[in-house]
Amino acid sequence: MDYKLVVFGVIYRRDSEGDIAIMTQTRNPHFHKPDPYDGGREECIAETVKPDEAVVDALVRGIREETKVADFVLAKPADLVRTHLDEAPVLVVGMPPICWTDAVLHRRAVRGPTFLVEVDNNFHPSYADGPYEEDVACTWWEPRLLRYVLTEYSKVFVGYHRPSLIAAAAFFQSRQ
């Protein structure tokens, strides 16, 4: 079976007390690509890595395409890696992935790294309602609640996004 290389990004933010909130997006029920079974389910950012494209560039491209936010900073200056995209400047966390996803669902095989993507509280995704928009809304979760819902109500989430979200929720829950 041929696997498609996909990079996953779990967006999170900290409030003024340092509490973490993890973002999921709701898949548009009318969007039938790549899988009609995923409509209405929650997911993280996921982007196919194009041939000769750096994984970090695919991640930035995915965040821009899915959230419609073009200019954002993903890390503090000491942790930065610059991308070579020519658009608005983007700084990306210089840390290793938190997990590796390897999944086969509905005849689709994907594998790739998952990165934590920190954004500030001014990060506001923009979603338009229409059959060609992939996502229609976002939800910010407390890590413990997200982990519980992922475990107890797994069908709420796009299947191959679950390992990334579980790893992120567990990572933050272990640091609280």
# chains A, B, ... in the order shown; residues from 1 in each chain; ligands from 1
call {"tool": "closest_atom_pairs", "arguments": {"of": "region 100-156 of chain A", "to": "region 3-11 of chain A", "cutoff": "10 Å", "atoms": "only C-alpha atoms", "output": "CSV"}}
result
residue,atom,partner,partner_atom,distance
A:Trp100,CA,A:Phe8,CA,9.1
A:Thr101,CA,A:Phe8,CA,8.4
A:Asp102,CA,A:Tyr3,CA,8.6
A:Ala103,CA,A:Tyr3,CA,8.8
A:Val104,CA,A:Tyr3,CA,8.6
A:Arg108,CA,A:Tyr3,CA,7.8
A:Ala109,CA,A:Tyr3,CA,4.8
A:Val110,CA,A:Lys4,CA,4.7
A:Arg111,CA,A:Leu5,CA,5.3
A:Gly112,CA,A:Val6,CA,4.9
A:Pro113,CA,A:Val7,CA,5.4
A:Thr114,CA,A:Phe8,CA,4.5
A:Phe115,CA,A:Gly9,CA,4.9
A:Leu116,CA,A:Val10,CA,5.0
A:Val117,CA,A:Ile11,CA,4.6
A:Glu118,CA,A:Ile11,CA,5.9
A:Val119,CA,A:Ile11,CA,6.9
A:Phe123,CA,A:Ile11,CA,9.9
A:Trp140,CA,A:Ile11,CA,9.4
call {"tool": "write_last_selection", "arguments": {"atoms": "N, CA and C atoms", "output": "mmCIF file, in the first residue's frame"}}
result
data_model
loop_
_atom_site.group_PDB
_atom_site.id
_atom_site.type_symbol
_atom_site.label_atom_id
_atom_site.label_comp_id
_atom_site.auth_asym_id
_atom_site.auth_seq_id
_atom_site.Cartn_x
_atom_site.Cartn_y
_atom_site.Cartn_z
ATOM 1 N N TRP A 100 4.343 10.434 15.543
ATOM 2 C CA TRP A 100 4.317 10.056 14.134
ATOM 3 C C TRP A 100 3.000 9.334 13.906
ATOM 4 N N THR A 101 2.225 9.814 12.952
ATOM 5 C CA THR A 101 0.937 9.187 12.643
ATOM 6 C C THR A 101 1.106 8.259 11.451
ATOM 7 N N ASP A 102 0.536 7.090 11.569
ATOM 8 C CA ASP A 102 0.601 6.071 10.532
ATOM 9 C C ASP A 102 -0.764 5.402 10.522
ATOM 10 N N ALA A 103 -1.609 5.740 9.543
ATOM 11 C CA ALA A 103 -2.997 5.260 9.597
ATOM 12 C C ALA A 103 -3.517 4.882 8.221
ATOM 13 N N VAL A 104 -4.403 3.905 8.214
ATOM 14 C CA VAL A 104 -5.130 3.509 7.015
ATOM 15 C C VAL A 104 -6.606 3.544 7.373
ATOM 16 N N ARG A 108 -7.518 4.972 2.517
ATOM 17 C CA ARG A 108 -6.496 6.023 2.428
ATOM 18 C C ARG A 108 -5.405 5.706 3.435
ATOM 19 N N ALA A 109 -4.180 5.741 2.970
ATOM 20 C CA ALA A 109 -3.045 5.469 3.852
ATOM 21 C C ALA A 109 -2.221 6.748 3.977
ATOM 22 N N VAL A 110 -2.066 7.217 5.220
ATOM 23 C CA VAL A 110 -1.284 8.424 5.467
ATOM 24 C C VAL A 110 -0.276 8.164 6.565
ATOM 25 N N ARG A 111 0.825 8.886 6.495
ATOM 26 C CA ARG A 111 1.806 8.855 7.582
ATOM 27 C C ARG A 111 2.555 10.172 7.566
ATOM 28 N N GLY A 112 2.973 10.571 8.779
ATOM 29 C CA GLY A 112 3.736 11.800 8.871
ATOM 30 C C GLY A 112 3.845 12.310 10.292
ATOM 31 N N PRO A 113 4.664 13.337 10.479
ATOM 32 C CA PRO A 113 4.916 13.887 11.815
ATOM 33 C C PRO A 113 3.794 14.825 12.266
ATOM 34 N N THR A 114 3.674 14.956 13.584
ATOM 35 C CA THR A 114 2.740 15.911 14.190
ATOM 36 C C THR A 114 3.549 16.927 14.978
ATOM 37 N N PHE A 115 3.300 18.197 14.694
ATOM 38 C CA PHE A 115 3.966 19.288 15.400
ATOM 39 C C PHE A 115 2.948 20.075 16.216
ATOM 40 N N LEU A 116 3.392 20.547 17.371
ATOM 41 C CA LEU A 116 2.607 21.493 18.154
ATOM 42 C C LEU A 116 2.863 22.881 17.582
ATOM 43 N N VAL A 117 1.796 23.636 17.398
ATOM 44 C CA VAL A 117 1.882 24.958 16.795
ATOM 45 C C VAL A 117 1.302 25.967 17.785
ATOM 46 N N GLU A 118 2.169 26.752 18.425
ATOM 47 C CA GLU A 118 1.683 27.738 19.390
ATOM 48 C C GLU A 118 1.345 29.039 18.674
ATOM 49 N N VAL A 119 0.158 29.547 18.933
ATOM 50 C CA VAL A 119 -0.276 30.830 18.393
ATOM 51 C C VAL A 119 -0.661 31.728 19.565
ATOM 52 N N PHE A 123 -4.949 35.028 17.359
ATOM 53 C CA PHE A 123 -5.115 34.100 16.228
ATOM 54 C C PHE A 123 -6.595 33.738 16.123
ATOM 55 N N TRP A 140 -11.963 25.482 20.916
ATOM 56 C CA TRP A 140 -10.774 25.487 21.766
ATOM 57 C C TRP A 140 -11.056 24.596 22.963
#
call {"tool": "residues_around", "arguments": {"residues": "His161 (chain A)", "least_positions_apart": "3", "cutoff": "9 Å", "atoms": "only C-alpha atoms", "output": "JSON, numbers by chain"}}
result
{"A": [8, 42, 43, 44, 45, 46, 101, 157, 158, 164, 165, 166]}
call {"tool": "closest_residue", "arguments": {"among": "A:Arg144, A:Tyr160, A:Thr26, A:Thr67", "to": "Leu105 (chain A)", "atoms": "only C-alpha atoms"}}
result
A:Tyr160
call {"tool": "residues_around", "arguments": {"residues": "Pro125 (chain A)", "least_positions_apart": "5", "cutoff": "9 Å", "atoms": "only C-alpha atoms", "output": "ChimeraX atom specification"}}
result
/A:66-69,137-138
call {"tool": "closest_residue", "arguments": {"among": "A:Tyr127, A:Arg13, A:Arg64, A:Ala167", "to": "Pro97 (chain A)", "atoms": "only C-alpha atoms"}}
result
A:Ala167
call {"tool": "closest_residue", "arguments": {"among": "A:Arg27, A:Arg61, A:Arg162, A:Arg107", "to": "Leu146 (chain A)", "atoms": "only C-alpha atoms"}}
result
A:Arg162
call {"tool": "closest_residue", "arguments": {"among": "A:Gly62, A:Gly18, A:Pro143, A:Pro96", "to": "Val49 (chain A)", "atoms": "only C-alpha atoms"}}
result
A:Gly62
call {"tool": "atom_distance", "arguments": {"atom1": "CA of Glu17 (chain A)", "atom2": "CA of Ile98 (chain A)"}}
result
23.8 Å
call {"tool": "closest_residue", "arguments": {"among": "A:Ala170, A:Val55, A:Val136, A:Met23", "to": "Asn121 (chain A)", "atoms": "only C-alpha atoms"}}
result
A:Met23
